Structure formats: structure tokens, C-alpha cells
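Pasting model_9.txt here (compact mmCIF, C-alpha atoms):
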# COMPACT_ATOMS: atom_id res chain seq x y z
CA MET U 19 5.80 -14.52 -29.28
CA ALA U 20 2.87 -16.27 -27.62
CA ALA U 21 0.51 -14.01 -25.77
CA SER U 22 -0.43 -14.64 -22.16
CA ALA U 23 -3.74 -16.47 -21.74
CA GLU U 24 -4.78 -14.11 -18.99
CA GLN U 25 -4.09 -10.54 -18.00
CA GLU U 26 -4.13 -9.27 -14.44
CA ARG U 27 -5.63 -5.87 -13.87
CA ASP U 28 -6.10 -3.74 -10.76
CA CYS U 29 -9.36 -2.26 -9.59
CA ARG U 30 -8.18 0.81 -7.68
CA LEU U 31 -10.53 1.97 -4.93
CA PHE U 32 -11.55 5.56 -4.22
CA GLU U 33 -13.99 7.40 -2.00
CA ALA U 34 -16.07 10.41 -3.00
CA VAL U 35 -16.79 12.90 -0.23
CA GLN U 36 -18.41 16.30 -0.01
CA THR U 37 -16.37 19.17 1.42
CA ASN U 38 -16.47 22.93 1.86
CA GLY U 39 -12.74 23.14 2.50
CA LYS U 40 -13.12 22.87 6.26
CA VAL U 41 -15.73 20.19 6.86
CA THR U 42 -15.75 16.85 5.03
CA SER U 43 -18.79 14.58 5.03
CA HIS U 44 -19.66 11.18 3.60
CA PRO U 45 -22.90 11.25 1.60
CA ASP U 46 -25.64 8.76 2.40
CA PRO U 47 -25.27 5.46 0.49
CA LYS U 48 -27.11 5.36 -2.83
CA ASP U 49 -28.82 2.60 -4.76
CA TRP U 50 -26.39 2.90 -7.65
CA ASP U 51 -28.09 0.24 -9.76
CA LYS U 52 -31.31 2.26 -9.67
CA SER U 53 -29.51 5.57 -10.16
CA LEU U 54 -27.43 4.40 -13.12
CA GLY U 55 -30.47 2.72 -14.66
CA LYS U 56 -32.27 6.08 -14.65
CA TYR U 57 -29.20 7.75 -16.14
CA LEU U 58 -29.70 5.63 -19.25
CA SER U 59 -32.91 7.53 -19.97
CA LEU U 60 -30.90 10.69 -20.71
CA SER U 61 -30.19 11.58 -24.31
CA PRO U 62 -26.73 10.65 -25.66
CA ASN U 63 -25.70 14.32 -25.65
CA ASP U 64 -26.64 14.64 -21.96
CA ARG U 65 -24.35 11.72 -21.13
CA VAL U 66 -21.26 13.63 -22.30
CA ILE U 67 -19.25 15.71 -19.81
CA ALA U 68 -16.08 17.51 -20.90
CA ASP U 69 -15.69 15.24 -23.98
CA VAL U 70 -16.04 12.03 -21.93
CA ILE U 71 -19.00 9.76 -22.71
CA TYR U 72 -20.60 8.05 -19.68
CA GLU U 73 -22.51 4.86 -20.38
CA PRO U 74 -24.04 2.58 -17.71
CA VAL U 75 -23.70 -1.12 -18.54
CA SER U 76 -25.68 -3.92 -16.88
CA VAL U 77 -23.84 -7.16 -16.01
CA ASN U 78 -25.84 -9.90 -14.29
CA GLY U 79 -28.38 -7.35 -13.09
CA ARG U 80 -25.78 -4.97 -11.59
CA TYR U 81 -24.64 -1.72 -13.19
CA GLN U 82 -21.18 -0.39 -13.91
CA LEU U 83 -20.52 3.11 -15.21
CA THR U 84 -18.27 2.95 -18.27
CA MET U 85 -16.36 6.07 -19.35
CA HIS U 86 -15.06 6.69 -22.87
CA ARG U 87 -12.76 9.43 -24.12
CA PRO U 88 -12.79 9.59 -27.95
CA ILE U 89 -9.38 9.42 -29.58
CA LYS U 90 -8.63 12.43 -31.76
CA LYS U 91 -6.84 11.14 -34.85
CA GLN U 92 -5.51 14.46 -36.14
CA PHE U 93 -1.76 14.41 -36.76
CA MET U 94 -1.53 10.69 -35.92
CA SER U 95 0.64 8.22 -37.83
CA GLN U 96 0.43 4.50 -38.55
CA ILE U 97 3.16 1.86 -38.32
CA ALA U 98 3.43 -0.91 -40.91
CA GLU U 99 4.75 -4.43 -40.25
CA ASP U 100 8.20 -3.39 -41.49
CA HIS U 101 8.10 -0.48 -38.99
CA SER U 102 7.75 2.11 -41.72
CA ILE U 103 5.77 5.18 -40.70
CA SER U 104 3.08 6.92 -42.70
CA ASP U 105 0.29 9.40 -42.13
CA LEU U 106 -2.95 8.10 -40.68
CA LEU U 107 -5.48 9.28 -43.24
CA ILE U 108 -8.81 10.21 -41.74
CA ASP U 109 -12.01 9.87 -43.66
CA SER U 110 -14.14 12.86 -42.72
CA ASN U 111 -17.24 10.78 -43.44
CA GLU U 112 -16.22 7.99 -41.08
CA ARG U 113 -18.89 7.56 -38.41
CA ASN U 114 -17.17 5.06 -36.13
CA ARG U 115 -14.78 6.49 -33.59
CA PHE U 116 -12.27 4.92 -31.23
CA ALA U 117 -12.02 5.74 -27.54
CA TYR U 118 -9.89 5.17 -24.48
CA SER U 119 -12.21 3.44 -22.02
CA SER U 120 -12.52 2.75 -18.29
CA THR U 121 -15.19 1.20 -16.13
CA VAL U 122 -16.41 2.11 -12.65
CA MET U 123 -18.10 -0.11 -10.08
CA PHE U 124 -19.75 1.54 -7.09
CA SER U 125 -19.51 -0.53 -3.92
CA ASP U 126 -22.36 -1.11 -1.48
CA HIS U 127 -20.67 1.15 1.10
CA GLN U 128 -20.97 4.95 1.22
CA THR U 129 -19.77 6.55 -2.03
CA ILE U 130 -16.82 4.23 -2.48
CA PHE U 131 -16.04 2.93 -5.95
CA GLY U 132 -13.43 1.07 -7.97
CA VAL U 133 -11.96 2.15 -11.32
CA VAL U 134 -10.30 -0.03 -13.94
CA LYS U 135 -8.61 1.75 -16.84
CA GLY U 136 -8.26 0.06 -20.19
CA ASP U 137 -5.28 2.27 -21.02
CA ARG U 138 -3.14 4.86 -19.28
CA SER U 139 -4.89 7.60 -21.30
CA ALA U 140 -8.37 6.36 -20.35
CA PRO U 141 -10.66 8.36 -18.04
CA SER U 142 -9.81 8.13 -14.35
CA HIS U 143 -11.27 8.79 -10.90
CA HIS U 144 -11.16 12.52 -11.67
CA ASN U 145 -13.81 11.93 -14.32
CA VAL U 146 -16.00 10.19 -11.74
CA ARG U 147 -15.88 13.41 -9.75
CA GLU U 148 -17.07 15.29 -12.85
CA PHE U 149 -19.92 12.81 -13.22
CA LEU U 150 -20.97 13.21 -9.59
CA ALA U 151 -20.73 17.00 -9.78
CA ALA U 152 -22.97 17.05 -12.85
CA HIS U 153 -25.65 14.63 -11.66
CA HIS U 154 -25.58 14.45 -7.85
CA THR U 155 -25.90 17.78 -6.08
CA CYS U 156 -24.05 18.81 -2.92
CA PRO U 157 -25.34 21.00 -0.08
CA ASP U 158 -24.77 24.74 -0.58
CA GLY U 159 -21.10 25.64 -0.26
CA PHE U 160 -19.92 22.04 -0.65
CA ARG U 161 -18.28 20.32 -3.61
CA TRP U 162 -17.39 16.76 -4.56
CA GLU U 163 -13.88 15.54 -3.89
CA VAL U 164 -12.50 12.12 -4.84
CA ARG U 165 -9.49 10.62 -3.10
CA PRO U 166 -7.76 7.23 -3.03
CA LEU U 167 -9.01 4.79 -0.43
CA ALA U 168 -6.11 3.78 1.77
CA SER U 169 -5.44 0.47 3.44
CA PRO U 170 -4.77 0.57 7.18
CA SER U 171 -1.28 1.44 8.29
CA GLU U 172 0.33 0.34 11.54
CA ILE U 173 -0.93 3.44 13.33
CA GLU U 174 -3.28 1.21 15.32
CA ARG U 175 -0.34 -0.81 16.60
CA MET U 176 1.28 2.41 17.79
CA LYS U 177 -1.97 3.45 19.43
CA GLU U 178 -2.27 0.12 21.25
CA SER U 179 1.37 -0.01 22.34
CA ASP U 180 2.52 0.77 25.88
CA GLY U 181 4.78 3.56 24.69
CA VAL U 182 7.03 4.98 21.98
CA ASN U 183 10.68 5.97 22.22
CA LEU U 184 11.27 7.05 18.60
CA PHE U 185 9.09 8.91 16.09
CA SER U 186 10.07 10.26 12.68
CA THR U 187 8.01 11.76 9.87
CA LYS U 188 7.85 14.23 6.99
CA PHE U 189 5.02 16.67 6.33
CA SER U 190 4.26 20.11 4.88
CA THR U 191 2.79 23.13 6.61
CA PHE U 192 -0.39 24.75 5.32
CA ARG U 193 -0.50 28.35 6.39
CA ASP U 194 -3.94 28.88 4.84
CA LEU U 195 -5.28 26.52 7.52
CA PHE U 196 -3.36 28.28 10.29
CA SER U 197 -5.46 29.41 13.22
CA ASP U 198 -4.53 31.01 16.54
CA GLU U 199 -7.08 28.70 18.14
CA GLY U 200 -4.98 25.58 17.46
CA GLU U 201 -3.26 23.57 20.17
CA VAL U 202 0.13 25.19 20.70
CA ASP U 203 1.71 21.91 21.80
CA GLU U 204 0.80 20.06 18.59
CA LEU U 205 3.77 19.51 16.29
CA SER U 206 1.98 20.62 13.13
CA GLU U 207 0.58 23.74 14.82
CA TYR U 208 4.02 24.74 16.07
CA MET U 209 5.46 24.32 12.57
CA ASN U 210 2.56 26.34 11.13
CA ARG U 211 3.56 29.16 13.47
CA VAL U 212 7.15 28.92 12.25
CA ALA U 213 5.92 29.02 8.64
CA ALA U 214 3.74 32.06 9.41
CA LYS U 215 6.75 33.95 10.77
CA ILE U 216 8.84 33.02 7.74
CA GLY U 217 6.01 33.90 5.34
CA SER U 218 6.25 30.65 3.40
CA ASP U 219 5.07 27.07 3.77
CA ILE U 220 7.88 24.72 4.68
CA GLU U 221 8.71 21.04 4.29
CA VAL U 222 9.35 19.44 7.67
CA SER U 223 11.49 16.35 8.25
CA VAL U 224 11.94 15.42 11.91
CA GLU U 225 13.07 12.56 14.12
CA PHE U 226 12.53 12.43 17.87
CA ARG U 227 13.96 9.79 20.16
CA LEU U 228 14.26 9.26 23.88
CA PRO U 229 17.86 8.87 25.07
CA ARG U 230 18.68 5.43 26.39
CA SER U 231 19.20 6.89 29.86
CA THR U 232 15.53 7.95 30.04
CA ARG U 233 13.79 5.12 28.20
CA GLY U 234 11.52 4.12 31.03
CA LEU U 235 7.88 3.20 30.42
CA ALA U 236 6.48 6.44 31.89
CA PRO U 237 8.33 8.82 29.50
CA ALA U 238 7.64 6.43 26.60
CA ARG U 239 3.89 6.67 27.31
CA ARG U 240 3.98 10.48 27.44
CA PHE U 241 6.07 10.47 24.26
CA LYS U 242 3.42 8.38 22.51
CA GLU U 243 0.53 10.50 23.79
CA PHE U 244 2.15 13.67 22.44
CA PHE U 245 2.53 12.40 18.88
CA MET U 246 -0.81 10.55 18.78
CA ARG U 247 -2.64 13.90 19.07
CA ASP U 248 -1.52 15.04 15.65
CA MET U 249 -1.35 11.91 13.50
CA ARG U 250 -3.85 13.07 10.83
CA THR U 251 -1.59 15.99 9.91
CA THR U 252 1.89 14.58 10.42
CA VAL U 253 1.43 11.04 9.11
CA GLY U 254 -0.05 9.88 5.80
CA ARG U 255 0.51 8.16 2.48
CA GLY U 256 4.02 8.28 1.12
CA ARG U 257 5.57 10.13 4.04
CA GLY U 258 7.72 7.28 5.30
CA SER U 259 6.75 7.88 8.92
CA LYS U 260 7.82 5.35 11.53
CA ALA U 261 7.86 4.79 15.26
CA ARG U 262 9.60 2.44 17.66
CA ILE U 263 6.95 1.02 19.95
CA VAL U 264 7.65 -0.58 23.31
CA SER U 265 5.75 -3.01 25.51
CA GLN U 266 5.58 -3.34 29.28
CA SER U 267 8.07 -6.18 29.07
CA GLY U 268 10.55 -3.84 27.36
CA GLU U 269 10.30 -5.36 23.89
CA GLU U 270 10.86 -2.84 21.08
CA GLU U 271 9.70 -2.92 17.44
CA ILE U 272 9.85 -0.48 14.53
CA VAL U 273 6.43 0.04 12.85
CA HIS U 274 5.97 1.90 9.57
CA LEU U 275 3.10 4.37 9.73
CA LEU U 276 2.53 4.24 5.99
CA GLU U 277 -0.78 3.89 4.17
CA HIS U 278 -1.10 2.28 0.73
CA ASP U 279 -3.74 2.92 -1.91
CA LEU U 280 -6.22 0.06 -1.82
CA ALA U 281 -6.69 -2.12 -4.91
CA VAL U 282 -8.23 -5.48 -5.80
CA ALA U 283 -6.51 -7.51 -8.53
CA PHE U 284 -8.41 -9.70 -10.98
CA GLU U 285 -7.66 -11.62 -14.15
CA VAL U 286 -9.15 -10.88 -17.55
CA PRO U 287 -9.46 -13.96 -19.78
CA GLY U 288 -8.17 -13.37 -23.27
CA SER U 289 -5.49 -14.12 -25.84
CA GLY U 290 -3.29 -11.14 -25.20
CA SER U 291 -3.57 -7.38 -25.18
CA GLU U 292 -4.07 -7.15 -28.95
CA LYS U 293 -7.28 -9.19 -28.74
CA ALA U 294 -8.55 -8.13 -25.33
CA ARG U 295 -12.06 -6.68 -25.43
CA PHE U 296 -13.45 -3.92 -23.24
CA SER U 297 -16.46 -6.13 -22.45
CA GLN U 298 -14.03 -8.67 -20.95
CA LEU U 299 -12.67 -5.95 -18.70
CA VAL U 300 -16.21 -5.16 -17.53
CA ASP U 301 -16.93 -8.85 -16.89
CA GLY U 302 -13.65 -9.26 -15.03
CA LEU U 303 -14.44 -6.35 -12.74
CA GLU U 304 -17.92 -7.73 -12.05
CA SER U 305 -16.35 -11.02 -10.97
CA VAL U 306 -14.69 -9.28 -7.98
CA ARG U 307 -17.71 -7.21 -6.87
CA SER U 308 -18.16 -9.39 -3.78
CA GLU U 309 -14.45 -9.15 -2.89
CA VAL U 310 -14.50 -5.37 -3.31
CA ASN U 311 -17.51 -5.07 -0.98
CA THR U 312 -15.86 -7.35 1.57
CA ARG U 313 -12.57 -5.42 1.51
CA VAL U 314 -14.32 -2.08 1.84
CA GLY U 315 -16.64 -3.30 4.59
CA THR U 316 -13.72 -4.69 6.58
CA LEU U 317 -11.81 -1.41 6.22
CA LEU U 318 -14.78 0.68 7.36
CA ARG U 319 -15.45 -1.56 10.36
CA GLY U 320 -11.79 -1.35 11.33
Would you put the structure from the file into C-alpha cells?
Amino acid sequence: MAASAEQERDCRLFEAVQTNGKVTSHPDPKDWDKSLGKYLSLSPNDRVIADVIYEPVSVNGRYQLTMHRPIKKQFMSQIAEDHSISDLLIDSNERNRFAYSSTVMFSDHQTIFGVVKGDRSAPSHHNVREFLAAHHTCPDGFRWEVRPLASPSEIERMKESDGVNLFSTKFSTFRDLFSDEGEVDELSEYMNRVAAKIGSDIEVSVEFRLPRSTRGLAPARRFKEFFMRDMRTTVGRGRGSKARIVSQSGEEEIVHLLEHDLAVAFEVPGSGSEKARFSQLVDGLESVRSEVNTRVGTLLRG
């Protein structure tokens, strides 16, 4: 079977923030080329964190951070052309090792970066957090946290609408964040109070709608204002939230208040997966550096 001349890969985008559990802050932007260049001066042993090897690589004067997890060959088998299975014999004197590898490209905005994995078992964004924790200190009481960067949902369209006559969402309570100082008329705060009385966090699935007999613009505006107060808690990725927005002319439209993880696709030249080289993956990621910076910059400005 002929192999595809090109492979498409995704550069998934993440942001690293510093948090103490209550307050979350974005660190000042860094000159990552300079920082990763200095990292190369560390000894090989100092570039290993939790069995993952971190190696900066320069491409056209810009640095990427490659991550390599050595493959442990104990108890592995090998498959012959006739599909027969035999033990993979390991030479204890063998110096070369294989690894699952990924590469990381820091954007020019805040501490936002993209990760491309060479294999499902390769290091991920969690390993970038380990790298940051080991080499970039946080203020006292804070720690690094890495989370997917999300593309904009249609929340802005709801915000800019003249009113809402239907709102539905799913979310979970978090009693450890419960405080008597919260706004009693916020949906999430009310459900936190219910959870506190029950003594257990609860999964909430709700739908609110104005009856047709009261769907004037004034109640639709108050309806919107109520739910807009609490969007950060009640709406987010994967929750399937939606609203029916209305305009002054009476036009109605369902909008899905759903965020998606942000990614930039690129093609890796090659002759198929069996001949694809990790260096090609690095080069392919470098080819979309400008697009990554543009996408991130647009998102932050929005």
C-alpha cells in the first residue's frame, strides 16, 4: 500500500499560568529563545526531569523545546513479517536508546505554547508544566498550572444580544470554593448552597425558558443579565450550554456557548509514518510559528 506523501499533524495550544488556588495570574512574557539557549548550558543529567529528557533545538534561529521519554524495552516482543511473535532480546551493552518524542514551541504572547506529539505515548503539556516548575520559579504560595487554550465561543454574541429567552447548561458544584460572601442570586452560588446542605457535590443540568406569553424584550433583557453574571462557572468547554438570543426586531437564534481547544494544523513532508523523522516534525512546527502567533494574538485581543 502506497504511503501518503504528507502527514497532517496538530499543534495543540496551551497556556501556563501561576495560581495559588484562589488567584490566577499570567506571568510576564519571556524571551524564550534566550532562555532555552541558556538551558543548553546545563549538563545532560540536569536536563532530565522525571525520566523525560528536555533538549532545546534551534531551527532558523528560533528555539523549540523537544521532550523525549525513553522507551523501556523490558518484556517487549517483536513481530516478524509473517506476523510471528518472539521476544525482543535486549543487549545490556547497547548504548543507543529509543524514545517517544514531542516538541514544544513557545509563542510570543504570555506563556502560551504549542505541543506536537510524535506518538500518543510521547510527553505532553503536563511535562511542560514539570519543566516550568523545575526551571522557572513562582511567587511564594503559587504553582504552575497548564491548561488548554480555548477558541472563543458564542458567549460574546449572547452578551451583545438584546435579550435571551432560553438558557440551558450543565455544571458541577465545588463545595470547597463555597463562601457565605457569594452572591445569593447567582445560579452557581445557589447550587453550592444546595450541595452544602446535602453534604456532597452535585452535577447540575438545567434549562430555563420564558413562556411565550411573557417573551417581551424587557423580561428577555433581565433574563440575559441574570445568567451573564455567572458565565465563568456555569458555562465552559464540553458542557453543551446554549441560549436563544433575541433582537429588538424579535428575531430569535440558538447560539452554542461551547469552547473548543485551539489547535493549528500543519503538514509534515515525508514518505509515510514508517519513514517520518522527528526532525521533520520539528521543521513542520516551525513552519507555522507565524500562524500560531497570529492566532494567539487575535484571541488575546478579542
**Q.** Long-range neighbours of Gly79 of chain U as a list in words, 12 Å cut-off, all atoms listed in the file, 3 positions minimum in chain
**A.** Trp50, Asp51, Lys52, Leu54, Gly55, Pro74, Val75, Ser76, Gln82 and Glu304 of chain U
If you keep C-alpha atoms, can you produce a file of those selected residues as a compact mmCIF listing (two decimals), keeping the file's coordinate frame?
# COMPACT_ATOMS: atom_id res chain seq x y z
CA TRP U 50 -26.39 2.90 -7.65
CA ASP U 51 -28.09 0.24 -9.76
CA LYS U 52 -31.31 2.26 -9.67
CA LEU U 54 -27.43 4.40 -13.12
CA GLY U 55 -30.47 2.72 -14.66
CA PRO U 74 -24.04 2.58 -17.71
CA VAL U 75 -23.70 -1.12 -18.54
CA SER U 76 -25.68 -3.92 -16.88
CA GLN U 82 -21.18 -0.39 -13.91
CA GLU U 304 -17.92 -7.73 -12.05
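Distance-wise, atom CA of Arg262 of chain U and atom CA of Glu172 of chain U end up 11.3 Å apart.
The spacing separating atom CA of His144 of chain U from atom CA of Val70 of chain U amounts to 11.4 Å.
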**Q.** Exercise: Met249 of chain U partners within 10 Å, all atoms listed in the file, chain neighbours under 4 positions left out, as a PyMOL selection string
**A.** chain U and resi 173+204-206+244-245+253-254+275
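Atom CA of Arg165 of chain U sits 28.8 Å away from atom CA of Lys242 of chain U.
Nearest-residue note for Phe116 of chain U: choosing from U:Leu303, U:Ala294, U:Leu167, U:Ile89, the minimum distance belongs to U:Ile89, counting all atoms listed in the file.
For the residues U:Leu184, U:Leu60, U:Val134, U:Val310, ranking by smallest atom-to-atom distance to Arg227 of chain U using all atoms listed in the file places U:Leu184 first.
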**Q.** Contact residues around Val182 of chain U with only C-alpha atoms at 10 Å, ignoring same-chain residues under 6 positions, as a VMD selection string
**A.** chain U and resid 176 227 to 228 233 235 237 to 245 261 to 265 270 to 272
Q: Point out the residue among U:Val133, U:Cys29, U:Val66, U:Ala34 with the least atom-to-atom distance to Cys156 of chain U, counting all atoms listed in the file.
A: U:Ala34
Q. Of the candidates U:Glu309, U:Glu73, U:Asp158, U:Glu277, which shows the shortest atom-to-atom distance to Thr121 of chain U, using all atoms listed in the file?
A. U:Glu73
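Of the listed residues U:Glu148, U:Asp248, U:Asp69, U:Asp28, the one whose atoms come nearest to Phe284 of chain U is U:Asp28, with distances taken using all atoms listed in the file.
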Q.
If we count all atoms listed in the file and set the cut-off at 12 Å, which residues sit around Glu163 of chain U, ignoring sequence neighbours fewer than 3 positions away in its own chain? Please answer as a VMD selection string.
A. chain U and resid 32 to 39 41 to 45 129 to 130 143 to 151 156 160 166
